[in-house]
Amino acid sequence: MKALKKYLTILFLILAFPFFRFIANHFILSPSNEIYAYVPQESDFIIEINTRNFIQEILYQRVYAEKYFNEKVYPEDDDETPQEKWVESGIDIFNKIVCFREQWANEAVWYAILKHNNVEQIKSFILGANPEALFEVNNEYAILQLTPGEKSPQRVEHLKKISNKEVKSFRERKNLPQLFDSKKEINCFVIPKQSEYNNLLEGYFSFDFKKDKIEIDGEFTPISGLSEFKPIAYELNQEAAISVRSSLNLFNSIYWFDDHSIKNVPEFTQLALDYNGVECQMIHRNQGYATPFYTLPKAQVRFNILKPQVWNSFMDSLIASPAVDVDTTKQRLTTHEGASFGYRQNSQVFELMQDSVNFSPLTTDKNLFFDLYMNLDKIIDGTKFTIHPQFPPSDLEQTMGMVVASNLMAEIKSISSMESIIFQIAAGEKETIDVHGEVIMKEKGGHSTVELISFASLLFNFIGSY
């Protein structure tokens, strides 16, 4: 009789779930749009996270794919009944989360707006995660600065004004609830930096979490007609770990495959980049690099340049910068962190490479302005650790470093749930520029929402262990 009751209970849950889902969609979980009143008008990037959609899919997977769900979300409890992981944060998980970015003097600063149901709980939760966090909490919402930074009087005062709705709202500029699709898990709105060669007025795109992939769709509105935009000139290389082609000036800084960026890269007509990993050579600390590795990224980069005199000035600024060592005789750039490239510059191109630069011209007119392909496993497999042949560290440091590096890469590969990423910006209809992309998951029999939760959980544990 007990077994019968158990099976009847399970059957009831399975049959009742679609009904509960309908009720949740139409009557219970409709979040308020009041959260947008806190987004400042000067924001240039806004992200809406519809937590309701995530919760619905998680509950569905928890009921209908319990074995798969438990294996992904609770991998450490293989031989035991998994215990639910819940932290009483005070956050209203049925309300959307909104993140926005503002441009300060020399940096871009990200913030999050969180609806809460308990002031003290959310304060305790934020401070428990980061005792130095900068935030403001009113009776309904918490405004949290996500970008690390000092608690300057200007930052503190700015957060207070946002929390008190004393900053002019973005709602006066754009009706985001009308633009965003509430059925999509993540919606984004961006106002690109405008210039003479980058005339994108604004754009929006969404992330739709499907079974074994995440679909990205949206569009940009150009200031002038599509005739003003030139398509990419080089063929994408899908054999590379990362391949990027762009005729849009979407980048105003270049990261040299480490934490250091070069600001104010001049405008260009074409960008082509292929990356196949990096050789990390353990080097003696007396060489003065900020990291224990001298790195040789296996990459080739080409900028078809505009205004050679501007690029000459850019090169002069690199030579004068203490963050970059420029050897004009050997034509080599080395950053403070130890990333080293060969370079070549003339009136047509600026190039970075290890050995040579070789890009194939586009043979067909695809009307693409941006094209990206990324293979996560190839990035990991292409990352090699060796010992610097001329300036090796001590034998003990070599032994410990190589063991840690080997374990590090094995763990990263084991937790990676994504197979590949594609992203394109192309000419659309009605004078718009369309956005399309896909994040392909390795697990074909699961669901991208669960895969993302599993990856995030494993990643946080991984970071914490180091």
# chains A, B, ... in the order shown; residues from 1 in each chain; ligands from 1

$ residues_around --residues "Val349 (chain A)" --least-positions-apart "5" --cutoff "6 Å" --atoms "only C-alpha atoms" --output "ChimeraX atom specification"
/A:303-305

$ residues_around --residues "Asp181 (chain A)" --least-positions-apart "3" --cutoff "12 Å" --atoms "only C-alpha atoms" --output "VMD selection string"
chain A and resid 48 to 50 53 176 to 178 184 to 189 204 to 208 217 to 218

$ atom_distance --atom1 "CA of Lys183 (chain A)" --atom2 "CA of Ile216 (chain A)"
13.2 Å

$ atom_distance --atom1 "CA of Ala272 (chain A)" --atom2 "CA of Ile47 (chain A)"
28.2 Å

$ closest_residue --among "A:Ser360, A:Pro266, A:Asp365, A:Met282" --to "Ser317 (chain A)" --atoms "only C-alpha atoms"
A:Pro266

$ closest_residue --among "A:Phe100, A:Phe385, A:Phe209, A:Tyr74" --to "Thr399 (chain A)" --atoms "only C-alpha atoms"
A:Phe385

$ closest_residue --among "A:Thr449, A:Ser417, A:Asn276, A:Thr51" --to "Asp381 (chain A)" --atoms "only C-alpha atoms"
A:Asn276

$ residues_around --residues "Phe45 (chain A)" --least-positions-apart "6" --cutoff "9 Å" --atoms "only C-alpha atoms" --output "PyMOL selection string"
chain A and resi 99-102+110+188-192

$ write_last_selection --atoms "all heavy atoms" --output "mmCIF file, in the first residue's frame"
data_model
loop_
_atom_site.group_PDB
_atom_site.id
_atom_site.type_symbol
_atom_site.label_atom_id
_atom_site.label_comp_id
_atom_site.auth_asym_id
_atom_site.auth_seq_id
_atom_site.Cartn_x
_atom_site.Cartn_y
_atom_site.Cartn_z
ATOM 1 N N CYS A 99 21.352 44.180 -14.800
ATOM 2 C CA CYS A 99 22.712 44.708 -14.686
ATOM 3 C C CYS A 99 22.878 45.830 -15.708
ATOM 4 O O CYS A 99 22.316 45.772 -16.800
ATOM 5 C CB CYS A 99 23.752 43.621 -14.948
ATOM 6 S SG CYS A 99 23.656 42.206 -13.822
ATOM 7 N N PHE A 100 23.633 46.849 -15.351
ATOM 8 C CA PHE A 100 23.884 47.940 -16.295
ATOM 9 C C PHE A 100 25.322 48.424 -16.141
ATOM 10 O O PHE A 100 25.979 48.207 -15.116
ATOM 11 C CB PHE A 100 22.887 49.093 -16.092
ATOM 12 C CG PHE A 100 22.983 49.782 -14.754
ATOM 13 C CD1 PHE A 100 23.834 50.860 -14.553
ATOM 14 C CD2 PHE A 100 22.195 49.355 -13.690
ATOM 15 C CE1 PHE A 100 23.907 51.481 -13.314
ATOM 16 C CE2 PHE A 100 22.260 49.979 -12.447
ATOM 17 C CZ PHE A 100 23.124 51.039 -12.259
ATOM 18 N N ARG A 101 25.800 49.061 -17.204
ATOM 19 C CA ARG A 101 27.172 49.573 -17.218
ATOM 20 C C ARG A 101 27.171 51.066 -17.467
ATOM 21 O O ARG A 101 26.413 51.567 -18.299
ATOM 22 C CB ARG A 101 27.987 48.875 -18.319
ATOM 23 C CG ARG A 101 29.465 49.237 -18.308
ATOM 24 C CD ARG A 101 30.211 48.519 -19.415
ATOM 25 N NE ARG A 101 29.890 49.097 -20.731
ATOM 26 C CZ ARG A 101 30.450 48.687 -21.861
ATOM 27 N NH1 ARG A 101 31.317 47.683 -21.845
ATOM 28 N NH2 ARG A 101 30.116 49.248 -23.014
ATOM 29 N N GLU A 102 28.022 51.767 -16.724
ATOM 30 C CA GLU A 102 28.222 53.197 -16.928
ATOM 31 C C GLU A 102 29.694 53.457 -17.225
ATOM 32 O O GLU A 102 30.568 52.756 -16.722
ATOM 33 C CB GLU A 102 27.818 53.990 -15.678
ATOM 34 C CG GLU A 102 26.332 54.050 -15.414
ATOM 35 C CD GLU A 102 26.013 54.963 -14.239
ATOM 36 O OE1 GLU A 102 26.592 54.764 -13.156
ATOM 37 O OE2 GLU A 102 25.195 55.865 -14.420
ATOM 38 N N TRP A 110 30.276 48.254 -13.817
ATOM 39 C CA TRP A 110 29.058 47.441 -13.872
ATOM 40 C C TRP A 110 28.338 47.451 -12.522
ATOM 41 O O TRP A 110 28.983 47.446 -11.465
ATOM 42 C CB TRP A 110 29.401 46.006 -14.241
ATOM 43 C CG TRP A 110 29.608 45.785 -15.707
ATOM 44 C CD1 TRP A 110 30.788 45.791 -16.383
ATOM 45 C CD2 TRP A 110 28.586 45.536 -16.684
ATOM 46 N NE1 TRP A 110 30.576 45.563 -17.722
ATOM 47 C CE2 TRP A 110 29.234 45.391 -17.934
ATOM 48 C CE3 TRP A 110 27.200 45.412 -16.627
ATOM 49 C CZ2 TRP A 110 28.537 45.132 -19.109
ATOM 50 C CZ3 TRP A 110 26.508 45.150 -17.801
ATOM 51 C CH2 TRP A 110 27.170 45.022 -19.020
ATOM 52 N N CYS A 188 19.559 41.809 -23.744
ATOM 53 C CA CYS A 188 20.597 42.830 -23.637
ATOM 54 C C CYS A 188 20.287 44.010 -24.546
ATOM 55 O O CYS A 188 19.738 43.835 -25.645
ATOM 56 C CB CYS A 188 21.966 42.254 -24.025
ATOM 57 S SG CYS A 188 22.479 40.814 -23.084
ATOM 58 N N PHE A 189 20.655 45.192 -24.098
ATOM 59 C CA PHE A 189 20.553 46.405 -24.906
ATOM 60 C C PHE A 189 21.886 47.127 -24.814
ATOM 61 O O PHE A 189 22.436 47.306 -23.723
ATOM 62 C CB PHE A 189 19.426 47.317 -24.396
ATOM 63 C CG PHE A 189 19.238 48.557 -25.217
ATOM 64 C CD1 PHE A 189 18.452 48.533 -26.362
ATOM 65 C CD2 PHE A 189 19.833 49.742 -24.852
ATOM 66 C CE1 PHE A 189 18.268 49.677 -27.121
ATOM 67 C CE2 PHE A 189 19.661 50.894 -25.611
ATOM 68 C CZ PHE A 189 18.872 50.858 -26.745
ATOM 69 N N VAL A 190 22.422 47.536 -25.972
ATOM 70 C CA VAL A 190 23.754 48.147 -25.976
ATOM 71 C C VAL A 190 23.763 49.376 -26.868
ATOM 72 O O VAL A 190 23.104 49.420 -27.906
ATOM 73 C CB VAL A 190 24.821 47.118 -26.447
ATOM 74 C CG1 VAL A 190 24.519 46.615 -27.854
ATOM 75 C CG2 VAL A 190 26.218 47.719 -26.390
ATOM 76 N N ILE A 191 24.505 50.376 -26.426
ATOM 77 C CA ILE A 191 24.740 51.580 -27.218
ATOM 78 C C ILE A 191 26.233 51.619 -27.497
ATOM 79 O O ILE A 191 27.024 52.006 -26.633
ATOM 80 C CB ILE A 191 24.298 52.852 -26.462
ATOM 81 C CG1 ILE A 191 22.822 52.749 -26.076
ATOM 82 C CG2 ILE A 191 24.545 54.091 -27.306
ATOM 83 C CD1 ILE A 191 22.343 53.897 -25.202
ATOM 84 N N PRO A 192 26.668 51.180 -28.680
ATOM 85 C CA PRO A 192 28.109 51.140 -28.979
ATOM 86 C C PRO A 192 28.722 52.533 -28.997
ATOM 87 O O PRO A 192 28.035 53.538 -29.238
ATOM 88 C CB PRO A 192 28.174 50.501 -30.370
ATOM 89 C CG PRO A 192 26.852 49.844 -30.559
ATOM 90 C CD PRO A 192 25.871 50.666 -29.786
#

$ select_by_dssp --residues "region 96-269 of chain A" --states "strand (DSSP E)" --output "NGL selection string"
:A and (97-103 or 108-115 or 135-137 or 141-145 or 186-190 or 200-209 or 213-222 or 242-246 or 253-255 or 261-263 or 268-269)

$ residues_around --residues "Val278 (chain A)" --least-positions-apart "5" --cutoff "8 Å" --atoms "only C-alpha atoms" --output "list in words"
Thr295, Leu296, Pro297, Lys298, Gly382, Thr383 and Lys384 of chain A

$ write_last_selection --atoms "N, CA, C and O atoms" --output "CSV table (one decimal), in the first residue's frame"
chain,number,residue,atom,x,y,z
A,295,THR,N,55.0,34.1,-21.8
A,295,THR,CA,54.0,33.4,-22.6
A,295,THR,C,54.1,33.8,-24.1
A,295,THR,O,54.4,35.0,-24.4
A,296,LEU,N,54.0,32.8,-24.9
A,296,LEU,CA,54.0,33.0,-26.4
A,296,LEU,C,52.7,32.6,-27.0
A,296,LEU,O,52.5,31.4,-27.4
A,297,PRO,N,51.8,33.5,-27.1
A,297,PRO,CA,50.5,33.1,-27.7
A,297,PRO,C,50.6,32.7,-29.2
A,297,PRO,O,51.3,33.4,-30.0
A,298,LYS,N,50.0,31.5,-29.5
A,298,LYS,CA,50.1,31.1,-30.9
A,298,LYS,C,49.0,31.7,-31.6
A,298,LYS,O,47.9,31.2,-31.8
A,382,GLY,N,45.5,23.6,-26.7
A,382,GLY,CA,46.6,24.4,-27.3
A,382,GLY,C,47.4,25.1,-26.2
A,382,GLY,O,48.4,25.8,-26.5
A,383,THR,N,47.0,25.0,-25.0
A,383,THR,CA,47.7,25.7,-23.9
A,383,THR,C,48.8,24.7,-23.3
A,383,THR,O,48.4,23.7,-22.7
A,384,LYS,N,50.0,25.0,-23.5
A,384,LYS,CA,51.1,24.1,-23.1
A,384,LYS,C,52.0,24.8,-22.1
A,384,LYS,O,52.3,26.0,-22.2

$ residues_around --residues "Arg344 (chain A)" --least-positions-apart "3" --cutoff "9 Å" --atoms "only C-alpha atoms" --output "MDAnalysis selection string"
chainID A and resid 331:332 349:353

$ write_last_selection --atoms "N, CA and C atoms" --output "PDB file, in the first residue's frame"
ATOM      1  N   GLN A 331      61.687  43.898 -33.603  1.00  0.00           N
ATOM      2  CA  GLN A 331      60.249  44.053 -33.857  1.00  0.00           C
ATOM      3  C   GLN A 331      59.449  43.081 -32.989  1.00  0.00           C
ATOM      4  N   ARG A 332      59.554  43.316 -31.682  1.00  0.00           N
ATOM      5  CA  ARG A 332      58.883  42.434 -30.719  1.00  0.00           C
ATOM      6  C   ARG A 332      58.290  43.267 -29.587  1.00  0.00           C
ATOM      7  N   VAL A 349      48.978  47.935 -42.894  1.00  0.00           N
ATOM      8  CA  VAL A 349      48.584  46.976 -41.864  1.00  0.00           C
ATOM      9  C   VAL A 349      49.401  47.154 -40.595  1.00  0.00           C
ATOM     10  N   PHE A 350      48.807  46.706 -39.503  1.00  0.00           N
ATOM     11  CA  PHE A 350      49.530  46.501 -38.242  1.00  0.00           C
ATOM     12  C   PHE A 350      49.267  45.050 -37.862  1.00  0.00           C
ATOM     13  N   GLU A 351      50.336  44.265 -37.664  1.00  0.00           N
ATOM     14  CA  GLU A 351      50.188  42.832 -37.442  1.00  0.00           C
ATOM     15  C   GLU A 351      50.935  42.382 -36.195  1.00  0.00           C
ATOM     16  N   LEU A 352      50.374  41.349 -35.550  1.00  0.00           N
ATOM     17  CA  LEU A 352      51.007  40.671 -34.424  1.00  0.00           C
ATOM     18  C   LEU A 352      51.071  39.194 -34.755  1.00  0.00           C
ATOM     19  N   MET A 353      52.150  38.528 -34.358  1.00  0.00           N
ATOM     20  CA  MET A 353      52.294  37.117 -34.692  1.00  0.00           C
ATOM     21  C   MET A 353      53.414  36.496 -33.866  1.00  0.00           C
TER      22      MET A 353
END

$ closest_residue --among "A:Lys211, A:Met400, A:Val326, A:Tyr343" --to "Met441 (chain A)" --atoms "only C-alpha atoms"
A:Lys211

$ closest_residue --among "A:Glu451, A:Thr291, A:Ile433, A:Tyr68" --to "Glu228 (chain A)" --atoms "only C-alpha atoms"
A:Ile433
